[in-house]
Structure formats: structure tokens, C-alpha cells
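Colleague: My questions will all concern the structure given below.
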Amino acid sequence: YWDELYPLPPGTVEECLTVLLNLYMLTLGAAFLYLLMAVWFAMHASVVAQCSSVRLLTQFIRLPVPTWRQLEEMRTYAESFENLRAKHILRVPFVQDARGPRAGLQSQSGSSASAIEDPGPAATSDPWESEAHGHHRRLYELQHMPAAMRHHVKLARRASQQFQCFDAFARVAMTFGTNQLLQAITYYCLGYVGVQDGAPWPAFCIAGIMVAISMTMVHLDLSLTSKEQLTGKILTMTGPLCASIVSWMQAVDGLRSDHLVMTLLPIASAAHGLWLLWALWICGVQQQKNGSMLPVKFR
């Protein structure tokens, strides 16, 4: 039907397909390289993060294995029975309370919170008087402090310097690669469906859908102002729009539209290059206090 409505001179379809093939290979090659870079960055970040985790768990934050001195302090000897007080020596097991009268008064008056905070030696079942409350031992784990000041949190943040840069740029490369892949699908549909199969309107619809997905993805991944969003949309639409005009004019006017093709093709190629440069600049790569280079505008 399209050939009957617009008869084309010989060689027109081949020239139009050559134009679209150049743009298709350009975007497809960029998509392949960016996605390959994203996979490499992600694998590197995963390996470094796993190595940092193993190092933290084995060299810095070890399991609480007691030392020989701690085990010795936990032991009690039978001869220490002679040093106990008379009330503990003559106490009838399971009949008399091992705790002193202070604990009984506190439990009856309901001041259990104060007993937990600072219990005396008579407030616990400790006839040997060898136990001490954690509050008096000055244990690091029981000290009240902000979570950001904890030793293990500082170690985790210091270890993240080794892989957070690769993790961030893996997501950036994934976004760029997906954008270029959508553009490649657009040019493929314009060439195969619009020119070779003679169905331009379905090809234009697919191109519009791919461009809309690309702009939405950029809007979701980057924190941009209204002016920056407008610039990104113009650069995203310029390439597919020029290719759509080229395919339409080649199909309608044939060889008479060669001058228009030679004008729009450099514009489409330049739009893709400008979009990549703009996207790299708009990510806002800055050096952090810990020395890492991170894209601060990338969500």
C-alpha cells in the first residue's frame, strides 16, 4: 500500500536504511559499552564489599571469645566459702532469700528501674560477692552514645570508601546504557518497520514510546531543575525526531531529499554526543570528605 501511494525511485530505500543504520549502530555500540561497564563496576563493588566485610568480621569486630584471664575471674573455689559472711554460710537453700533486705524492699515499692540502673551488692543473688553490674564495669557496648559514633559504624563507613564509588557509577552506567539501548530500538523500528515494511505510523508510535520511557528514566534517576529537565528532553528527542523526518522524507520524496538528509543526520549524531556530555556533567560528580568521587545529583 505504501509503495502504491508513494512510488519510490530505485535506491531510495537502501539510502534511507543506510542513514538509520548509522544511527542504530552508534547507539547500539554505546549501549553495549555502557552496560558492559555497569556489569564490571557492579562486580568490582561486590567483590570489594565482600572482602571488606570479611576483614571487618575477622580483624576488627571479632567474636566475643573470652580470654584465659576472664575465664579465671569467672571461677570460684571451694576455699572461698570460708571467707563468706555468716548469714550466707548458715543460709538454708531454697528457704531463705539469697538477696538482702534492700532488694525485697525495692521489689515491693515498685522501684525496680532504679534497682536495674544501680543495684547494690545485696540486690542480686550473689552470695560470693564476685559479680559486678555492667554499669560499673564501663563496658563499651553498654555505654549510651549516638549510633554514628559507634566504633563498628565508623569502621563500616571507612570500608565503604573502597567500593561506594564503583557502586554509584555502576548505576550511572546502567542508566546511560539503558537510554542508548532505547534509542537503538527506536532507530531499528524506524528502519525495519517504517522503511522496509512500509508502515511508518506504527514505527513513529514505537519511537514515541521509547523516547517517553527514556525521558521518564532520566527524570526518576536524576535530581534536576526545570531548566535542566527541559534541556535533557530536547537532547533526548532531537535524534529520534530527525531520524523520523529523514525516514518520512526519504519515503515520500526519494532522492530529492538528499540535502535534507545530509543536514539532519549530523544534527542527530551531534544530539547523541551532546546528551552524553550533558548527562556526565549533570550527574554532579564531586569529591567527598572521605576522598570518594560520587555523582551527588544521581539518586
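Going by the C-alpha cells order, chains are called A, B, ..., each with residues numbered from 1, while ligands are numbered from 1 in the order shown.
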Which residues are near segment 241-250 of chain A? Cut-off 6 Å, only C-alpha atoms, ignore same chain within fewer than 6 positions. Put them as a count of residues only.
Modeller: 3
Colleague: Taking into account only C-alpha atoms, which residue in the set A:Thr236, A:Thr216, A:Leu230, A:Ile185 is nearest to Phe204 of chain A?
Modeller: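 Closest to Phe204 of chain A of all the choices is A:Ile185.
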Colleague: Using only C-alpha atoms, can you tell me which of A:Met145, A:Cys205, A:Met262, A:Met217 comes closest to Arg299 of chain A?
Modeller: A:Met217
Colleague: Quick one: everything within 12 Å of Ser223 of chain A, counting only C-alpha atoms, minus sequence neighbours fewer than 6 positions away in the same chain. Send it as a count of residues only.
Modeller: 11
Colleague: Within 12 Å of Gly191 of chain A, counting only C-alpha atoms, which residues qualify if same-chain residues fewer than 6 places away don't, as a PyMOL selection string?
Modeller: chain A and resi 13-24+184-185+197-200+202-204+206-207+240+243-244+246-248+250-251
Colleague: Any chance you can output those residues with N, CA and C atoms as a compact mmCIF listing (two decimals), in the first residue's frame?
Modeller:
# COMPACT_ATOMS: atom_id res chain seq x y z
N VAL A 13 15.24 3.32 -0.78
CA VAL A 13 15.12 2.55 0.46
C VAL A 13 16.49 2.20 1.01
N GLU A 14 17.41 1.83 0.14
CA GLU A 14 18.75 1.47 0.60
C GLU A 14 19.45 2.67 1.24
N GLU A 15 19.29 3.85 0.64
CA GLU A 15 19.93 5.03 1.21
C GLU A 15 19.32 5.39 2.57
N CYS A 16 18.00 5.29 2.66
CA CYS A 16 17.35 5.60 3.95
C CYS A 16 17.76 4.62 5.02
N LEU A 17 17.83 3.32 4.65
CA LEU A 17 18.26 2.32 5.62
C LEU A 17 19.71 2.53 6.04
N THR A 18 20.54 3.01 5.13
CA THR A 18 21.93 3.28 5.48
C THR A 18 22.03 4.40 6.51
N VAL A 19 21.20 5.43 6.34
CA VAL A 19 21.20 6.54 7.29
C VAL A 19 20.78 6.06 8.67
N LEU A 20 19.69 5.29 8.73
CA LEU A 20 19.21 4.79 10.01
C LEU A 20 20.15 3.75 10.60
N LEU A 21 20.83 3.00 9.73
CA LEU A 21 21.78 2.00 10.23
C LEU A 21 22.96 2.67 10.93
N ASN A 22 23.38 3.82 10.43
CA ASN A 22 24.48 4.53 11.10
C ASN A 22 24.09 4.94 12.52
N LEU A 23 22.90 5.50 12.66
CA LEU A 23 22.44 5.90 13.99
C LEU A 23 22.19 4.68 14.88
N TYR A 24 21.69 3.61 14.28
CA TYR A 24 21.42 2.39 15.05
C TYR A 24 22.71 1.79 15.60
N ALA A 184 18.52 2.86 20.33
CA ALA A 184 18.81 1.89 19.28
C ALA A 184 17.54 1.17 18.83
N ILE A 185 16.68 0.82 19.78
CA ILE A 185 15.40 0.20 19.41
C ILE A 185 14.56 1.14 18.56
N ASP A 197 9.30 -2.29 5.84
CA ASP A 197 7.96 -2.87 5.78
C ASP A 197 6.92 -1.88 5.30
N GLY A 198 7.27 -0.61 5.18
CA GLY A 198 6.32 0.37 4.66
C GLY A 198 5.21 0.72 5.62
N ALA A 199 5.49 0.73 6.93
CA ALA A 199 4.48 1.09 7.93
C ALA A 199 5.05 2.19 8.82
N PRO A 200 5.02 3.44 8.35
CA PRO A 200 5.69 4.50 9.11
C PRO A 200 4.99 4.87 10.41
N PRO A 202 3.12 3.05 12.68
CA PRO A 202 3.50 2.20 13.82
C PRO A 202 4.93 2.44 14.28
N ALA A 203 5.84 2.69 13.32
CA ALA A 203 7.23 2.97 13.70
C ALA A 203 7.33 4.27 14.48
N PHE A 204 6.57 5.30 14.07
CA PHE A 204 6.57 6.56 14.80
C PHE A 204 6.01 6.39 16.21
N ILE A 206 6.12 3.63 18.05
CA ILE A 206 7.13 2.94 18.86
C ILE A 206 8.25 3.91 19.24
N ALA A 207 8.64 4.77 18.31
CA ALA A 207 9.68 5.75 18.61
C ALA A 207 9.23 6.70 19.72
N PRO A 240 15.83 10.97 17.63
CA PRO A 240 14.70 10.26 17.02
C PRO A 240 13.83 11.14 16.13
N ALA A 243 15.61 11.50 12.82
CA ALA A 243 15.54 10.23 12.09
C ALA A 243 14.15 9.98 11.54
N SER A 244 13.13 10.35 12.28
CA SER A 244 11.76 10.18 11.78
C SER A 244 11.50 11.07 10.57
N VAL A 246 13.80 12.16 8.51
CA VAL A 246 14.59 11.62 7.40
C VAL A 246 13.89 10.43 6.76
N SER A 247 13.39 9.50 7.56
CA SER A 247 12.71 8.32 7.01
C SER A 247 11.45 8.72 6.27
N TRP A 248 10.72 9.69 6.76
CA TRP A 248 9.50 10.14 6.08
C TRP A 248 9.83 10.83 4.75
N GLN A 250 12.54 10.54 2.97
CA GLN A 250 13.10 9.58 2.01
C GLN A 250 11.99 8.74 1.39
N ALA A 251 11.00 8.40 2.21
CA ALA A 251 9.91 7.58 1.67
C ALA A 251 9.00 8.37 0.75
Colleague: Pick out the closest residue to Leu57 of chain A from this set: A:Ala173, A:Ala156, A:Val193, A:Ala86. Count only C-alpha atoms.
Modeller: A:Ala156
Colleague: What is the atom CA of Ala271 of chain A to atom CA of Gln196 of chain A distance in Å?
Modeller: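 Distance reported for this atom pair: 25.1 Å.
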Colleague: Which neighbours of Ala270 of chain A fall inside 9 Å, counting only C-alpha atoms, when residues of the same chain fewer than 5 positions from it are skipped, and could you give them as a ChimeraX atom specification?
Modeller: /A:239,265,275
Colleague: Write out, as a PDB file, in the first residue's frame, the residues just selected, with C-alpha atoms.
Modeller:
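So the final result, stored in again-v7.pdb, reads:
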ATOM      1  CA  GLY A 239      17.899  12.338  17.474  1.00  0.00           C
ATOM      2  CA  LEU A 265      21.967  13.331  10.022  1.00  0.00           C
ATOM      3  CA  TRP A 275      23.313  14.198  25.517  1.00  0.00           C
TER       4      TRP A 275
END
Colleague: Neighbours of Ile213 of chain A within 12 Å (only C-alpha atoms; same-chain residues fewer than 3 positions away dropped), as a list in words?
Modeller: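 Listing them by chain and then by number gives Thr175, Thr178, Asn179, Gln180, Leu181, Leu182, Gln183, Ile185, Thr186, Ile206, Ala207, Gly208, Ile209, Met210, Thr216, Met217, Val218, His219, Leu220, Lys233, Thr236 and Met237 of chain A.
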Colleague: Using DSSP secondary structure from the backbone, list all alpha helix (DSSP H) positions within segment 198-296 of chain A, as a ChimeraX atom specification.
Modeller: /A:200-221,226-253,258-282
Colleague: If you measure from atom CA of Tyr187 of chain A to atom CA of Leu235 of chain A, what distance in Å do you get, rounded to one decimal?
Modeller: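 A separation of 15.7 Å between them.
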Colleague: So how many Å separate atom CA of Phe32 of chain A and atom CA of Gly177 of chain A, to one decimal?
Modeller: 6.8 Å
Colleague: Find the residue from A:Glu72, A:Arg91, A:Val172, A:Leu56 that sits nearest to Arg157 of chain A; use only C-alpha atoms when measuring.
Modeller: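 Distance minimum relative to Arg157 of chain A lands on A:Leu56.
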